[in-house]
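One structure is given here, and the rest of the page talks about it.
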Amino acid sequence: MIKYQSAMIILNGKQSNNPDLRKAIAHLRQENYLITVRIPWEIQDTHDFIADAIANNIATVIAAGGDGTINAVASTLMQFPAEKRPTLGILPMGTANDFATSANIPLDIESALSLAVKGKAVSIDIAQVNEKYFFINMATGGFGTRITTETPEALKSALGGAAYVINGLLRPDTLKTDICRIESDNFTWEGETLVIAIGNGKQAGGGQQLTPHALINDGKLDLLIVPSRDVLPALLSNLFSTDKNEHLIEKSLTWVKISSPHTMVLNLDGEPLSGDSFTFHVQTNAIQCRLPPQCHLLA
C-alpha cells in the first residue's frame with residue numbers, strides 16, 4: 001500500500017447517507033485512492049479507528065462533520081506518538097463549520113475532500129487544557145459557552161450559524177456572568193466576565209470572530225475577555241462589527257490560567273468542560289494538517 005494513496009474518513013453519523021459525499025468518494029476511488037469510511041458509535045471508536053489507520057499505514061485521517069467532530073479526531077490524534085500520527089484532513093459537514101471557514105477550506109464536499117486527500121500538509125498547533133484535554137479551534141466561557149451548547153438543533157438546521165446569535169439575543173437568561181481570575185506572563189485580570197474566549201483559531205458560535213488575529217502556527221493563544229460591566233455595548237460591538245472597540249480585553253499569550261470560586265463551564269469546540277481551574281498551554285507543531293495555500297489561519 002502506497003501511503004499517499006490512502007485515507008480514512010471518520011464520519012459524523014448524521015451524514016452517513018449524504019449523496020454528495022458518496023459521489024466525491026467514488027470519484028477519488030476512480031483515481032485509485034483507497035478511501036475507507038468509519039462511523040464512530042461509542043467514544044472509544046475514534047481511537048480504535050486511528051489505531052487501525054496507523055497499523056495499516058494510512059496517510060490521512062479525515063474528520064468529516066462539524067467543529068466537534070474535527071476536535072474529536074484532532075484530540076484523539078494527540079493520544080498517539082507524534083511520529084505515528086497520520087495527517088489530519090478536514091471535511092466540513094456541520095452547522096457552523098467555524099474552523100473550516102476560518103481556514104478557508106471549501107464548503108463544497110467534493111472540493112474539500114480532494115483537498116483533505118491531496119492537499120499539502122503543514123504543521124499546526126493544538127491547545128491543551130489541564131494536561132488532559134485538547135481543542136484545535138477555540139474554548140469559550142460565559143455567554144459564548146451557553147449560546148453554542150444550548151442552541152436547539154431545529155433552530156441550527158433552519159438558520160445555520162446565525163441561529164447561535166439569534167438564540168443568544170432572544171434569551172436574557174443566557175446573559176450570566178462568571179467571577180474569575182485570569183493569569184499569564186506579565187498579565188493578571190480579576191472580576192466578572194460575560195465572555196471569555198481562548199482562540200487557537202479565529203471564530204466560534206456560527207461565525208463570531210472572537211479572536212480575529214489568532215493563527216494556528218504561531219505558538220500562541222489569543223485571549224478575549226468581555227467584562228460584565230460592558231455587557232451590552234461589548235456584545236453588540238463584537239457580534240456585529242469587526243472594528244476594534246474599547247470594551248474588550250485582548251491578549252496574545254503562550255499560556256493562560258483561569259480560576260474561579262465557583263464551577264465554570266467552558267466549551268472546547270463543542271465539548272463542555274466543567275471545573276474551577278483551567279490551565280491552557282500550546283502544543284506547537286503538534287499535528288500535520290492538509291490546508292489550502294490561501295489558509296487564513298497560517299502565519
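Residue numbering restarts at 1 for every chain of the C-alpha cells, chains are lettered A, B, ... in their displayed order, and ligands are numbered from 1 as they appear.
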**Request:** Would you list the contacts of A:Asn104 as a ChimeraX atom specification, taking every protein, DNA or RNA residue within 9 Å and counting only C-alpha atoms, but skipping same-chain residues closer than 4 positions in sequence?
**Result:** /A:99-100,291-292,294-297
**Item:** DSSP alpha helix (DSSP H) selection over stretch 19-110 of chain A, as a PyMOL selection string
**Value:** chain A and resi 19-30+43-55+67-77+98-102+109-110
For stretch 41-116 of chain A against stretch 250-271 of chain A, with a cut-off of 8 Å and counting only C-alpha atoms, what is the closest atom pair and its distance in Å to one decimal for every residue that makes the cut, ordered by chain and number, as CSV?
```
residue,atom,partner,partner_atom,distance
A:Asp67,CA,A:Asp269,CA,5.9
A:Gly68,CA,A:Gly270,CA,5.2
A:Asn71,CA,A:Asp269,CA,6.3
```
**Prompt:** Please, what distance in Å, to one decimal, runs between atom CA of A:Ala96 and atom CA of A:Ala59?
**Reply:** 27.4 Å
**Message:** Which residues are near A:Asp20? Cut-off 10 Å, only C-alpha atoms, ignore same chain within fewer than 6 positions. Put them as a VMD selection string.
**Reply:** chain A and resid 26 108 to 110
With N, CA, C and O atoms kept, could you save the residues just selected as a short mmCIF file (atom, residue, chain, number, x, y, z; two decimals), in the first residue's frame?
```
data_model
loop_
_atom_site.label_atom_id
_atom_site.label_comp_id
_atom_site.auth_asym_id
_atom_site.auth_seq_id
_atom_site.Cartn_x
_atom_site.Cartn_y
_atom_site.Cartn_z
N ALA A 26 -16.52 8.23 -4.55
CA ALA A 26 -16.45 7.41 -5.77
C ALA A 26 -15.47 7.99 -6.77
O ALA A 26 -14.71 7.25 -7.42
N ASP A 108 -17.83 23.14 -0.32
CA ASP A 108 -18.24 22.15 -1.30
C ASP A 108 -17.57 20.81 -0.97
O ASP A 108 -16.35 20.74 -0.81
N ILE A 109 -18.37 19.76 -0.87
CA ILE A 109 -17.85 18.48 -0.36
C ILE A 109 -16.78 17.90 -1.27
O ILE A 109 -15.73 17.44 -0.80
N GLU A 110 -16.99 17.94 -2.57
CA GLU A 110 -16.01 17.33 -3.47
C GLU A 110 -14.68 18.10 -3.41
O GLU A 110 -13.60 17.48 -3.35
#
```
**Message:** Taking only stretch 44-222 of chain A into account, list the residues labelled strand (DSSP E or B) by DSSP (computed from the backbone), as a ChimeraX atom specification.
**Reply:** /A:60-65,87-92,121-129,133-135,138-142,178-184,187-199,204,208,221-222
**Prompt:** In Å, how far is it from atom CA of A:Leu194 to atom CA of A:Leu298?
**Reply:**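 Computing it gives 29.1 Å between the two atoms.
For the choices A:Leu28, A:Ile287, A:Ile124, A:Ile70, the atom-to-atom distance to A:Lys220 is smallest for A:Ile124 when using only C-alpha atoms.
Residues in contact with A:Gly191 at up to 9 Å, not including ones fewer than 2 positions away on its chain and judged by only C-alpha atoms, are Asp178, Ile179, Cys180, Arg181, Ile182, Trp189, Thr193, Pro227 and Ser228 of chain A.
The gap separating atom CA of A:Glu83 from atom CA of A:Asn97 is 28.5 Å, in Å to one decimal.
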**Request:** Show which residues sit within 8 Å of stretch 72-77 of chain A, as an MDAnalysis selection string. Count only C-alpha atoms, and ignore same-chain residues fewer than 6 positions away.
**Result:** chainID A and resid 10 46:47 50 63 85:86 88 133:136 287
**Request:** Please provide as a list in words all residues within 6 Å of A:Gly66, with the sequence filter that same-chain residues fewer than 6 positions apart are discarded (counting only C-alpha atoms).
**Result:**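 The filter keeps Pro92, Met93, Gly94 and Asn97 of chain A.
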Please save N, CA and C atoms of the selected residues as a PDB file, in the first residue's frame.
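Now in selection_11.pdb:
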```pdb
ATOM      1  N   PRO A  92     -15.707  19.742   6.092  1.00  0.00           N
ATOM      2  CA  PRO A  92     -16.722  20.459   6.881  1.00  0.00           C
ATOM      3  C   PRO A  92     -18.138  20.052   6.486  1.00  0.00           C
ATOM      4  N   MET A  93     -18.848  19.428   7.417  1.00  0.00           N
ATOM      5  CA  MET A  93     -20.212  18.977   7.155  1.00  0.00           C
ATOM      6  C   MET A  93     -21.118  19.264   8.348  1.00  0.00           C
ATOM      7  N   GLY A  94     -20.775  20.286   9.131  1.00  0.00           N
ATOM      8  CA  GLY A  94     -21.568  20.629  10.302  1.00  0.00           C
ATOM      9  C   GLY A  94     -22.453  21.828  10.052  1.00  0.00           C
ATOM     10  N   ASN A  97     -19.314  25.131  11.134  1.00  0.00           N
ATOM     11  CA  ASN A  97     -18.032  24.940  10.437  1.00  0.00           C
ATOM     12  C   ASN A  97     -17.081  26.104  10.668  1.00  0.00           C
TER      13      ASN A  97
END
```
I'd like the neighbourhood of A:Lys118 as a short mmCIF file (atom, residue, chain, number, x, y, z; two decimals) with C-alpha atoms, in the first residue's frame, where a residue qualifies if any of its atoms comes within 10 Å (using only C-alpha atoms), though same-chain residues fewer than 2 positions away should be ignored.
```
data_model
loop_
_atom_site.label_atom_id
_atom_site.label_comp_id
_atom_site.auth_asym_id
_atom_site.auth_seq_id
_atom_site.Cartn_x
_atom_site.Cartn_y
_atom_site.Cartn_z
CA TYR A 4 -0.16 8.91 -0.03
CA GLN A 5 -2.89 6.95 -1.86
CA ALA A 7 -7.21 7.94 3.56
CA TYR A 33 -7.16 6.40 -3.99
CA THR A 60 -4.54 10.72 6.21
CA GLY A 89 -7.80 16.22 6.75
CA ALA A 112 -12.98 19.81 0.42
CA LEU A 113 -12.45 16.06 0.16
CA SER A 114 -9.96 16.50 -2.67
CA LEU A 115 -8.03 18.98 -0.50
CA ALA A 116 -8.20 16.64 2.50
CA LYS A 120 -0.17 19.98 1.16
CA ALA A 121 0.31 19.08 4.81
CA ARG A 290 -3.90 19.45 4.90
CA LEU A 291 -4.88 23.09 4.37
#
```
**Pick from A:Gly142, A:Met78, A:Leu91, A:Asp125 nearest to A:Pro106, counting only C-alpha atoms** =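 Of the candidates, the smallest distance to A:Pro106 is held by A:Leu91.
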**Message:** For a quick check of understanding, using only C-alpha atoms, which of A:Gln203, A:Asn186, A:Asn12, A:Ser6 has the smallest distance to A:Thr69?
**Reply:**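 Going through A:Gln203, A:Asn186, A:Asn12, A:Ser6 one by one, the smallest distance to A:Thr69 is for A:Asn12.
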**Fill in**
Using only C-alpha atoms, the shortest atom-to-atom distance to A:Asn285 among A:Ala55, A:Ala82, A:Ala139, A:Val195 belongs to A:Ala82
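Using only C-alpha atoms, the nearest neighbour of A:Met138 within the list A:Thr177, A:Thr87, A:Pro212, A:Pro81 is A:Pro212.
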